[in-house]
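Chemist: File target23.cif below, mmCIF, C-alpha atoms:
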```
data_upload
#
loop_
_atom_site.label_atom_id
_atom_site.label_comp_id
_atom_site.auth_asym_id
_atom_site.auth_seq_id
_atom_site.Cartn_x
_atom_site.Cartn_y
_atom_site.Cartn_z
CA MET A 940 120.21 144.39 40.38
CA ARG A 941 120.64 145.03 44.11
CA LYS A 942 119.29 142.40 46.46
CA GLU A 943 119.94 144.19 49.76
CA PHE A 944 118.06 147.37 50.49
CA THR A 945 119.15 150.30 52.62
CA LYS A 946 117.58 152.79 55.03
CA ALA A 947 117.40 155.27 52.17
CA ASP A 948 115.45 152.75 50.06
CA ILE A 949 113.07 152.10 52.94
CA GLU A 950 112.42 155.84 53.25
CA ILE A 951 111.60 156.13 49.56
CA LEU A 952 109.18 153.19 49.69
CA LYS A 953 107.58 154.63 52.82
CA ASN A 954 107.18 158.03 51.14
CA ILE A 955 105.56 156.49 48.07
CA MET A 956 103.14 154.55 50.29
CA LEU A 957 102.32 157.61 52.41
CA GLN A 958 101.83 159.86 49.37
CA ARG A 959 99.62 157.41 47.45
CA ARG A 960 96.05 158.70 47.14
CA ASP A 961 92.68 157.50 45.89
CA VAL A 962 92.14 160.18 43.25
CA ARG A 963 88.73 161.54 42.24
CA GLY A 964 87.03 163.88 39.78
CA ASN A 965 88.60 167.11 38.70
CA ARG A 966 91.92 166.39 40.37
CA PHE A 967 92.59 164.31 37.24
CA LEU A 968 94.14 165.85 34.13
CA LYS A 969 93.64 164.58 30.58
CA THR A 970 97.40 164.79 29.93
CA GLN A 971 98.57 161.81 27.89
CA ILE A 972 100.41 159.00 29.65
CA ASP A 973 103.07 157.53 27.36
CA ASP A 974 102.55 153.88 26.45
CA GLU A 975 105.98 153.11 27.86
CA ILE A 976 104.91 154.39 31.27
CA LEU A 977 101.57 152.57 31.12
CA ASN A 978 103.54 149.42 30.35
CA GLU A 979 105.82 149.99 33.33
CA ILE A 980 102.78 150.35 35.58
CA LEU A 981 101.29 147.12 34.20
CA ASN A 982 104.69 145.42 34.60
CA ALA A 983 104.60 146.34 38.29
CA ALA A 984 101.19 144.67 38.55
CA ASN A 985 102.52 141.64 36.71
CA CYS A 986 105.30 141.05 39.25
CA ALA A 987 102.91 140.86 42.20
CA PRO A 988 102.68 137.63 44.19
CA SER A 989 100.07 135.14 43.01
CA VAL A 990 98.87 131.83 44.34
CA GLY A 991 100.79 129.00 42.67
CA PHE A 992 102.40 131.65 40.41
CA SER A 993 99.08 131.54 38.52
CA GLN A 994 99.14 135.28 37.64
CA PRO A 995 95.36 135.16 37.22
CA TRP A 996 95.05 138.86 36.31
CA LYS A 997 93.83 140.58 33.17
CA PHE A 998 93.96 144.32 32.48
CA ILE A 999 91.62 146.02 30.03
CA LEU A 1000 92.51 149.64 29.24
CA ILE A 1001 89.48 151.75 28.32
CA LYS A 1002 90.01 154.95 26.37
CA ASP A 1003 86.68 154.96 24.50
CA GLU A 1004 84.51 157.87 25.69
CA THR A 1005 81.22 156.17 24.83
CA LYS A 1006 81.99 153.15 27.00
CA ARG A 1007 83.20 155.39 29.79
CA ASP A 1008 80.01 157.39 29.62
CA LYS A 1009 77.95 154.19 29.87
CA ILE A 1010 79.93 153.17 32.93
CA TYR A 1011 79.49 156.64 34.40
CA GLN A 1012 75.71 156.25 33.97
CA GLU A 1013 75.90 152.98 35.91
CA PHE A 1014 77.83 154.78 38.63
CA LEU A 1015 75.07 157.42 38.86
CA LYS A 1016 72.41 154.72 39.28
CA GLU A 1017 74.36 152.93 42.02
CA ASN A 1018 75.28 156.15 43.78
CA LYS A 1019 71.64 157.23 43.84
CA LYS A 1020 70.92 154.12 45.91
CA ALA A 1021 73.99 154.77 48.06
CA LYS A 1022 72.90 158.36 48.77
CA LYS A 1023 69.74 156.99 50.37
CA ILE A 1024 71.79 154.75 52.64
CA PHE A 1025 73.82 157.74 53.82
CA GLU A 1026 70.96 160.28 53.85
CA ASP A 1027 71.58 161.10 57.52
CA ASN A 1028 75.07 162.26 56.62
CA LYS A 1029 74.81 165.43 54.49
CA LEU A 1030 78.46 165.19 53.54
CA TYR A 1031 77.91 162.10 51.37
CA ALA A 1032 75.85 163.76 48.65
CA ASN A 1033 78.58 166.36 48.08
CA LEU A 1034 81.42 163.89 47.75
CA LYS A 1035 82.92 163.23 44.34
CA LEU A 1036 83.40 159.48 44.33
CA GLU A 1037 84.76 158.69 40.87
CA GLY A 1038 86.89 160.07 38.06
CA ILE A 1039 85.66 157.93 35.17
CA LYS A 1040 85.43 160.70 32.59
CA GLU A 1041 88.00 163.16 33.96
CA SER A 1042 90.94 160.73 34.02
CA TYR A 1043 93.22 159.98 31.07
CA ILE A 1044 92.28 156.31 30.95
CA ASN A 1045 90.22 153.69 32.78
CA LEU A 1046 91.36 150.19 33.66
CA ALA A 1047 89.19 147.17 34.33
CA VAL A 1048 91.08 144.60 36.38
CA LEU A 1049 89.80 141.06 36.02
CA TYR A 1050 90.33 137.70 37.68
CA GLU A 1051 90.50 134.83 35.21
CA LYS A 1052 88.79 131.81 36.74
CA PRO A 1053 91.18 128.84 36.66
CA LYS A 1054 90.72 126.06 34.10
CA LYS A 1055 92.80 123.62 36.18
CA SER A 1056 93.70 123.07 39.84
CA ILE A 1057 96.04 125.76 41.11
CA LEU A 1058 98.79 125.02 43.63
CA GLY A 1059 97.90 126.71 46.93
CA GLN A 1060 94.30 127.39 45.91
CA THR A 1061 92.90 124.02 46.96
CA SER A 1062 91.82 125.01 50.50
CA GLN A 1063 90.92 128.66 49.90
CA LYS A 1064 89.38 129.56 46.54
CA LYS A 1065 89.50 133.27 47.32
CA VAL A 1066 93.29 133.53 47.14
CA GLY A 1067 92.99 133.70 43.35
CA GLU A 1068 91.05 136.97 43.60
CA TYR A 1069 93.39 138.15 46.34
CA SER A 1070 96.36 137.70 43.99
CA VAL A 1071 94.70 140.14 41.61
CA VAL A 1072 94.34 142.67 44.43
CA CYS A 1073 98.07 142.35 45.22
CA ALA A 1074 98.68 143.24 41.57
CA ILE A 1075 96.42 146.28 41.88
CA GLN A 1076 98.34 147.53 44.90
CA ASN A 1077 101.67 147.15 43.05
CA LEU A 1078 100.18 149.07 40.13
CA TRP A 1079 98.87 151.80 42.44
CA LEU A 1080 102.26 152.33 44.08
CA MET A 1081 104.15 152.31 40.78
CA ALA A 1082 101.69 154.80 39.30
CA ARG A 1083 102.31 157.06 42.32
CA ALA A 1084 106.08 156.77 41.82
CA TYR A 1085 105.46 158.06 38.27
CA ASN A 1086 103.41 160.90 39.83
CA ILE A 1087 100.27 159.40 38.31
CA GLY A 1088 97.02 159.12 40.24
CA VAL A 1089 94.73 156.12 40.54
CA GLY A 1090 91.16 156.01 41.81
CA TRP A 1091 89.32 152.76 42.61
CA ILE A 1092 85.65 153.14 41.70
CA SER A 1093 83.60 150.60 43.62
CA ILE A 1094 80.11 152.12 43.37
CA LEU A 1095 79.38 150.03 40.28
CA LYS A 1096 77.65 146.71 39.70
CA PRO A 1097 80.30 144.36 38.25
CA LYS A 1098 77.69 142.68 36.03
CA LYS A 1099 76.82 145.97 34.36
CA VAL A 1100 80.47 146.91 33.81
CA LYS A 1101 81.20 143.49 32.33
CA LYS A 1102 78.26 143.82 29.95
CA ILE A 1103 79.38 147.24 28.72
CA LEU A 1104 82.92 145.95 28.19
CA ASN A 1105 81.78 142.67 26.66
CA ILE A 1106 83.58 140.53 29.25
CA ASP A 1107 82.44 136.91 29.44
CA LYS A 1108 81.71 134.64 32.39
CA ASN A 1109 85.26 133.29 32.60
CA TYR A 1110 86.31 136.56 34.21
CA LYS A 1111 85.34 138.32 37.36
CA LEU A 1112 85.66 142.09 37.71
CA ILE A 1113 87.85 142.84 40.71
CA ALA A 1114 88.33 146.57 40.25
CA TYR A 1115 87.48 149.46 37.97
CA LEU A 1116 90.18 152.13 38.11
CA ALA A 1117 90.61 155.66 36.81
CA ILE A 1118 94.22 156.53 35.97
CA GLY A 1119 95.81 159.84 35.07
CA TYR A 1120 98.17 162.67 35.90
CA VAL A 1121 96.73 164.98 38.54
CA ASN A 1122 96.80 168.65 39.42
CA GLU A 1123 97.31 167.75 43.07
CA PHE A 1124 97.93 164.86 45.41
CA LEU A 1125 96.28 165.71 48.73
CA ASP A 1126 98.64 165.61 51.70
CA GLU A 1127 96.26 163.23 53.47
CA PRO A 1128 93.34 161.00 52.41
CA GLU A 1129 90.29 163.15 51.66
CA LEU A 1130 87.99 161.18 53.98
CA LEU A 1131 90.47 161.73 56.80
CA LYS A 1132 90.63 165.47 56.13
CA LEU A 1133 86.83 165.63 56.09
CA ASN A 1134 86.68 163.71 59.37
CA TRP A 1135 84.62 160.94 57.74
CA GLU A 1136 86.83 158.38 59.50
CA LYS A 1137 89.79 158.64 61.85
CA ARG A 1138 93.15 157.01 61.14
CA LYS A 1139 93.56 153.81 63.14
CA THR A 1140 96.52 153.43 65.44
CA LEU A 1141 98.96 150.52 65.47
CA GLU A 1142 97.37 149.43 68.73
CA GLU A 1143 93.84 149.46 67.31
CA ILE A 1144 94.76 147.36 64.30
CA GLN A 1145 96.29 144.72 66.58
CA THR A 1146 93.33 144.46 68.98
CA ILE A 1147 90.33 142.23 68.39
CA MET B 1020 108.27 164.84 52.78
CA ARG B 1021 108.75 164.80 49.01
CA LYS B 1022 105.62 164.72 46.88
CA GLU B 1023 107.29 164.33 43.47
CA PHE B 1024 109.21 161.17 42.75
CA THR B 1025 112.17 160.72 40.41
CA LYS B 1026 113.50 158.10 38.02
CA ALA B 1027 115.83 156.91 40.78
CA ASP B 1028 112.85 156.43 43.14
CA ILE B 1029 111.00 154.47 40.46
CA GLU B 1030 114.02 152.18 40.02
CA ILE B 1031 114.16 151.48 43.76
CA LEU B 1032 110.44 150.66 43.92
CA LYS B 1033 110.77 148.45 40.85
CA ASN B 1034 113.73 146.62 42.41
CA ILE B 1035 111.86 146.01 45.65
CA MET B 1036 108.89 144.64 43.70
CA LEU B 1037 111.08 142.43 41.51
CA GLN B 1038 113.08 141.11 44.48
CA ARG B 1039 110.04 140.33 46.63
CA ARG B 1040 109.60 136.58 47.13
CA ASP B 1041 107.11 134.19 48.68
CA VAL B 1042 109.44 132.60 51.23
CA ARG B 1043 109.17 129.00 52.42
CA GLY B 1044 110.67 126.54 54.86
CA ASN B 1045 114.31 126.51 55.71
CA ARG B 1046 115.05 129.73 53.85
CA PHE B 1047 113.74 131.38 57.01
CA LEU B 1048 116.02 132.21 59.94
CA LYS B 1049 114.91 132.48 63.57
CA THR B 1050 116.85 135.76 63.94
CA GLN B 1051 114.88 138.22 66.02
CA ILE B 1052 113.09 141.07 64.26
CA ASP B 1053 113.13 144.21 66.42
CA ASP B 1054 109.71 145.44 67.51
CA GLU B 1055 110.48 148.79 65.93
CA ILE B 1056 110.90 147.12 62.53
CA LEU B 1057 107.78 144.97 62.98
CA ASN B 1058 105.91 148.19 63.76
CA GLU B 1059 107.24 149.84 60.61
CA ILE B 1060 106.03 146.88 58.57
CA LEU B 1061 102.58 147.08 60.18
CA ASN B 1062 102.56 150.86 59.60
CA ALA B 1063 103.09 150.20 55.91
CA ALA B 1064 100.05 147.91 55.95
CA ASN B 1065 98.08 150.56 57.82
CA CYS B 1066 98.63 153.19 55.12
CA ALA B 1067 97.17 151.02 52.36
CA PRO B 1068 94.06 152.20 50.52
CA SER B 1069 90.76 151.05 51.99
CA VAL B 1070 87.19 151.44 50.90
CA GLY B 1071 85.65 154.52 52.55
CA PHE B 1072 88.88 154.83 54.59
CA SER B 1073 87.43 152.01 56.70
CA GLN B 1074 90.85 150.41 57.42
CA PRO B 1075 89.06 147.10 58.10
CA TRP B 1076 92.27 145.20 58.86
CA LYS B 1077 93.47 143.46 61.99
CA PHE B 1078 96.89 141.91 62.53
CA ILE B 1079 97.53 139.16 65.05
CA LEU B 1080 101.19 138.34 65.63
CA ILE B 1081 101.78 134.72 66.66
CA LYS B 1082 105.00 133.82 68.43
CA ASP B 1083 103.64 130.93 70.53
CA GLU B 1084 105.17 127.62 69.38
CA THR B 1085 102.22 125.49 70.53
CA LYS B 1086 99.73 127.46 68.45
CA ARG B 1087 102.08 127.41 65.49
CA ASP B 1088 102.43 123.67 65.78
CA LYS B 1089 98.64 123.27 65.82
CA ILE B 1090 98.39 125.38 62.67
CA TYR B 1091 101.18 123.34 61.10
CA GLN B 1092 99.17 120.17 61.80
CA GLU B 1093 96.21 121.74 60.00
CA PHE B 1094 98.49 122.52 57.08
CA LEU B 1095 99.57 118.87 56.93
CA LYS B 1096 95.94 117.71 56.79
CA GLU B 1097 95.03 120.13 54.02
CA ASN B 1098 98.20 119.41 52.07
CA LYS B 1099 97.50 115.68 52.22
CA LYS B 1100 94.28 116.36 50.33
CA ALA B 1101 96.08 118.71 47.96
CA LYS B 1102 98.72 116.08 47.16
CA LYS B 1103 95.96 113.82 45.84
CA ILE B 1104 94.74 116.56 43.53
CA PHE B 1105 98.23 116.95 42.09
CA GLU B 1106 99.20 113.27 42.12
CA ASP B 1107 99.94 113.30 38.39
CA ASN B 1108 102.64 115.89 39.01
CA LYS B 1109 105.47 114.31 41.00
CA LEU B 1110 106.99 117.71 41.71
CA TYR B 1111 104.15 118.72 44.05
CA ALA B 1112 104.89 116.24 46.83
CA ASN B 1113 108.47 117.52 47.10
CA LEU B 1114 107.57 121.17 47.34
CA LYS B 1115 107.90 122.97 50.65
CA LEU B 1116 104.78 125.08 50.80
CA GLU B 1117 104.95 126.81 54.19
CA GLY B 1118 107.33 128.19 56.79
CA ILE B 1119 105.06 128.21 59.84
CA LYS B 1120 107.61 126.85 62.29
CA GLU B 1121 110.87 127.96 60.65
CA SER B 1122 110.02 131.68 60.50
CA TYR B 1123 110.60 134.18 63.32
CA ILE B 1124 106.91 135.01 63.66
CA ASN B 1125 103.52 134.29 62.08
CA LEU B 1126 100.87 136.86 61.28
CA ALA B 1127 97.15 136.28 60.88
CA VAL B 1128 95.58 139.03 58.83
CA LEU B 1129 91.87 139.53 59.42
CA TYR B 1130 89.00 141.46 57.88
CA GLU B 1131 86.70 143.01 60.44
CA LYS B 1132 83.14 142.81 59.18
CA PRO B 1133 81.56 146.29 59.21
CA LYS B 1134 79.06 147.25 61.90
CA LYS B 1135 77.68 150.13 59.79
CA SER B 1136 77.35 151.01 56.10
CA ILE B 1137 80.71 151.82 54.56
CA LEU B 1138 81.13 154.49 51.90
CA GLY B 1139 82.01 152.79 48.61
CA GLN B 1140 81.06 149.32 49.85
CA THR B 1141 77.34 149.56 49.04
CA SER B 1142 77.48 148.01 45.54
CA GLN B 1143 80.37 145.57 46.05
CA LYS B 1144 80.73 143.93 49.45
CA LYS B 1145 84.02 142.31 48.50
CA VAL B 1146 85.96 145.58 48.42
CA GLY B 1147 86.25 145.39 52.21
CA GLU B 1148 88.27 142.18 51.97
CA TYR B 1149 90.19 143.60 49.02
CA SER B 1150 91.29 146.55 51.17
CA VAL B 1151 92.87 144.07 53.56
CA VAL B 1152 94.77 142.48 50.67
CA CYS B 1153 96.11 145.91 49.63
CA ALA B 1154 97.44 146.20 53.19
CA ILE B 1155 99.10 142.79 52.90
CA GLN B 1156 100.86 143.81 49.70
CA ASN B 1157 102.15 147.02 51.33
CA LEU B 1158 103.40 144.94 54.26
CA TRP B 1159 105.07 142.44 51.95
CA LEU B 1160 106.96 145.14 50.04
CA MET B 1161 108.01 146.98 53.20
CA ALA B 1162 109.23 143.72 54.74
CA ARG B 1163 111.31 143.12 51.59
CA ALA B 1164 112.80 146.62 51.83
CA TYR B 1165 113.92 145.63 55.36
CA ASN B 1166 115.40 142.44 53.84
CA ILE B 1167 112.76 140.40 55.63
CA GLY B 1168 110.92 137.55 53.94
CA VAL B 1169 107.19 136.86 53.93
CA GLY B 1170 105.39 133.67 52.92
CA TRP B 1171 101.61 133.49 52.38
CA ILE B 1172 100.34 130.10 53.53
CA SER B 1173 97.02 129.35 51.87
CA ILE B 1174 96.83 125.57 52.31
CA LEU B 1175 94.85 125.99 55.52
CA LYS B 1176 91.16 125.99 56.37
CA PRO B 1177 90.37 129.48 57.73
CA LYS B 1178 87.84 128.03 60.18
CA LYS B 1179 90.49 125.83 61.76
CA VAL B 1180 93.01 128.67 62.03
CA LYS B 1181 90.41 130.94 63.60
CA LYS B 1182 89.55 128.27 66.16
CA ILE B 1183 93.18 127.77 67.17
CA LEU B 1184 93.67 131.53 67.50
CA ASN B 1185 90.33 132.08 69.23
CA ILE B 1186 89.06 134.53 66.64
CA ASP B 1187 85.32 135.15 66.68
CA LYS B 1188 82.77 135.39 63.88
CA ASN B 1189 83.15 139.16 63.49
CA TYR B 1190 86.41 138.55 61.68
CA LYS B 1191 87.34 136.75 58.49
CA LEU B 1192 90.81 135.30 57.99
CA ILE B 1193 92.23 136.80 54.82
CA ALA B 1194 95.81 135.54 55.08
CA TYR B 1195 98.15 133.57 57.28
CA LEU B 1196 101.74 134.74 56.85
CA ALA B 1197 105.17 133.57 57.97
CA ILE B 1198 107.64 136.43 58.51
CA GLY B 1199 111.36 136.37 59.14
CA TYR B 1200 114.87 137.14 58.03
CA VAL B 1201 116.10 134.71 55.41
CA ASN B 1202 119.33 133.06 54.35
CA GLU B 1203 118.50 133.76 50.72
CA PHE B 1204 116.05 135.53 48.46
CA LEU B 1205 115.84 133.53 45.25
CA ASP B 1206 116.61 135.54 42.11
CA GLU B 1207 113.29 134.42 40.63
CA PRO B 1208 110.05 132.89 41.98
CA GLU B 1209 110.64 129.24 42.85
CA LEU B 1210 107.68 128.00 40.79
CA LEU B 1211 109.08 129.83 37.78
CA LYS B 1212 112.55 128.30 38.27
CA LEU B 1213 110.96 124.86 38.58
CA ASN B 1214 108.95 125.45 35.40
CA TRP B 1215 105.68 124.94 37.29
CA GLU B 1216 104.28 127.99 35.49
CA LYS B 1217 105.69 130.42 32.92
CA ARG B 1218 105.81 134.16 33.46
CA LYS B 1219 103.00 135.89 31.59
CA THR B 1220 103.83 138.62 29.09
CA LEU B 1221 102.33 142.11 29.04
CA GLU B 1222 100.43 141.05 25.93
CA GLU B 1223 98.95 137.97 27.60
CA ILE B 1224 97.71 139.87 30.64
CA GLN B 1225 95.90 142.32 28.36
CA THR B 1226 94.18 139.70 26.20
CA ILE B 1227 90.86 138.08 27.08
#
```
What would the structure in this file look like if it were written as structure tokens?

Modeler:
Amino acid sequence: MRKEFTKADIEILKNIMLQRRDVRGNRFLKTQIDDEILNEILNAANCAPSVGFSQPWKFILIKDETKRDKIYQEFLKENKKAKKIFEDNKLYANLKLEGIKESYINLAVLYEKPKKSILGQTSQKKVGEYSVVCAIQNLWLMARAYNIGVGWISILKPKKVKKILNIDKNYKLIAYLAIGYVNEFLDEPELLKLNWEKRKTLEEIQTI
Amino acid sequence: MRKEFTKADIEILKNIMLQRRDVRGNRFLKTQIDDEILNEILNAANCAPSVGFSQPWKFILIKDETKRDKIYQEFLKENKKAKKIFEDNKLYANLKLEGIKESYINLAVLYEKPKKSILGQTSQKKVGEYSVVCAIQNLWLMARAYNIGVGWISILKPKKVKKILNIDKNYKLIAYLAIGYVNEFLDEPELLKLNWEKRKTLEEIQTI
């Protein structure tokens, strides 16, 4: 395996990062993802950095339509509340903000609370959860390299999702993802295209 | 820009992920990193996913030796406490757990608390911080593609770091990183080589 990377490698990584999207609704296709590919995507997550090499992540694949429908109902409840918060912005109500049922598969990503002291986690407890997020970003990029879309659905109460999936108190829900092949990857993030937010410049992100 | 990726692209991404390391101490070199390359690494962070396209990340580069020494002193205090926690494991005291002074530059990564309601952040506040972690993972991978090492130093009290860097209450410290060229990338994570933890299998990370 190569240990030194080249300009060409950098360009490929940059392209994958720039072409990664948060995929929603009917952009997803139901096309089957081979288990081998799903495993490769999970392997990418599993080689993320983690505090004290604790690898505190768990991945629960959800294919069952009944469970997905229950989670979708929870999304509707939460989004009803959210619509009120954004009622001055007419755009919000028309946005499709999840792909729970349209995607091939869903993935609950959990943080397993440590049963012992973890090296590097003694001054900042949060770094355990942050390790799980690093794994999610690896997974997201690897999925994109396989031309597979991922959508992070955050308009959900973690407690409700955990109850539906029968997940006990030793685990914390970090993310609920929709995963599947897509009919299109937008050339830019949808919220940028819709002028919901502007892209920040390098100067802005270095100024406090 | 290509929108479809190939098997060769997947292999490159996989290699970058597998060869990424959490770099410590005297593996770092003081060799200068060109501003252009530092900008490319920050650009990679800036194209990470973020809740509601809020891009709530801020990056403070720290070159100043005095500030770095003050942060190093804070590390020593925190690590003294940590050593007591791990006193049954003689390995801990001999581990080098930071590269604050040895690296070319340090980077404080902050979360800017929102001043308005953020789309997608209404049911789970944490996703704002998680967006910042996605940016860190992009940065880490892009740095590796440039053959530059990154070390995440978590044995620090965020409050103390913020005070030294004069960061106000509108920002939360998510990570403190050391960044620099290296004399070596280990072929495997150091804590794995030292048998501190085992690598988890795909089966383990899918079992709760």

Chemist: For this file, the PyMOL selection byres ((chain A and resi 1104) around 12) selects which residues, as a PyMOL selection string?

Modeler: (chain A and resi 998-1003+1005-1010+1045-1049+1097-1103+1105-1107+1110+1112+1115) or (chain B and resi 1227)

Chemist: I need the output of the PyMOL selection byres ((chain B and resi 1146) around 10) for this file as a PyMOL selection string; which residues are they?

Modeler: (chain A and resi 1072+1091+1093+1113-1114) or (chain B and resi 1069-1071+1139-1145+1147-1152)

Chemist: Quick one: which residues end up in the PyMOL selection byres ((chain B and resi 1034) around 10) for this structure, as a VMD selection string?

Modeler: (chain A and resid 940 to 944 948) or (chain B and resid 1028 to 1033 1035 to 1039 1164)

Chemist: Save out the residues we just selected, C-alpha atoms, as a short mmCIF file (atom, residue, chain, number, x, y, z; two decimals), in the frame of the given file.

Modeler:
```
data_model
loop_
_atom_site.label_atom_id
_atom_site.label_comp_id
_atom_site.auth_asym_id
_atom_site.auth_seq_id
_atom_site.Cartn_x
_atom_site.Cartn_y
_atom_site.Cartn_z
CA MET A 940 120.21 144.39 40.38
CA ARG A 941 120.64 145.03 44.11
CA LYS A 942 119.29 142.40 46.46
CA GLU A 943 119.94 144.19 49.76
CA PHE A 944 118.06 147.37 50.49
CA ASP A 948 115.45 152.75 50.06
CA ASP B 1028 112.85 156.43 43.14
CA ILE B 1029 111.00 154.47 40.46
CA GLU B 1030 114.02 152.18 40.02
CA ILE B 1031 114.16 151.48 43.76
CA LEU B 1032 110.44 150.66 43.92
CA LYS B 1033 110.77 148.45 40.85
CA ILE B 1035 111.86 146.01 45.65
CA MET B 1036 108.89 144.64 43.70
CA LEU B 1037 111.08 142.43 41.51
CA GLN B 1038 113.08 141.11 44.48
CA ARG B 1039 110.04 140.33 46.63
CA ALA B 1164 112.80 146.62 51.83
#
```

Chemist: Around (109.2, 136.1, 51.6) in the file's own coordinates, what residues are found within 9 Å if you use all atoms listed in the file, given back as a PyMOL selection string?

Modeler: chain B and resi 1039-1043+1046-1047+1159+1162-1163+1167-1171+1197-1201+1204

Chemist: How many Å separate atom CA of A:Ala987 from atom CA of A:Leu1116?

Modeler: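 Between atom CA of A:Ala987 and atom CA of A:Leu1116 the gap works out to 17.5 Å.
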
Chemist: Out of B:Leu1205, B:Cys1066, B:Ile1056, B:Leu1095, which residue has the shortest atom-to-atom distance to chain A when counting all atoms listed in the file?

Modeler: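 Smallest distance to chain A is found for B:Cys1066.
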
Chemist: Quick one: pull the distance between atom CA of B:Ile1172 and atom CA of B:Glu1117, Å, one decimal.

Modeler: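 Pair atom CA of B:Ile1172 / atom CA of B:Glu1117 returns 5.7 Å.
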
Chemist: So how far away is atom CA of A:Thr1146 from atom CA of B:Thr1050, in Å?

Modeler: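 Computing it gives 25.6 Å between the two atoms.
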
Chemist: Which residue out of B:Gly1044, B:Gly1118, B:Pro1208, B:Pro1133 has the minimum interatomic distance to chain A when all atoms listed in the file are used?

Modeler: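 For chain A, the nearest of the given residues is B:Pro1208.
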
Chemist: Taking all atoms listed in the file into account, name the residue in B:Leu1048, B:Leu1114, B:Ala1027, B:Leu1221 that is nearest to B:Glu1203.

Modeler: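 Among the listed residues, B:Leu1048 lies closest to B:Glu1203.
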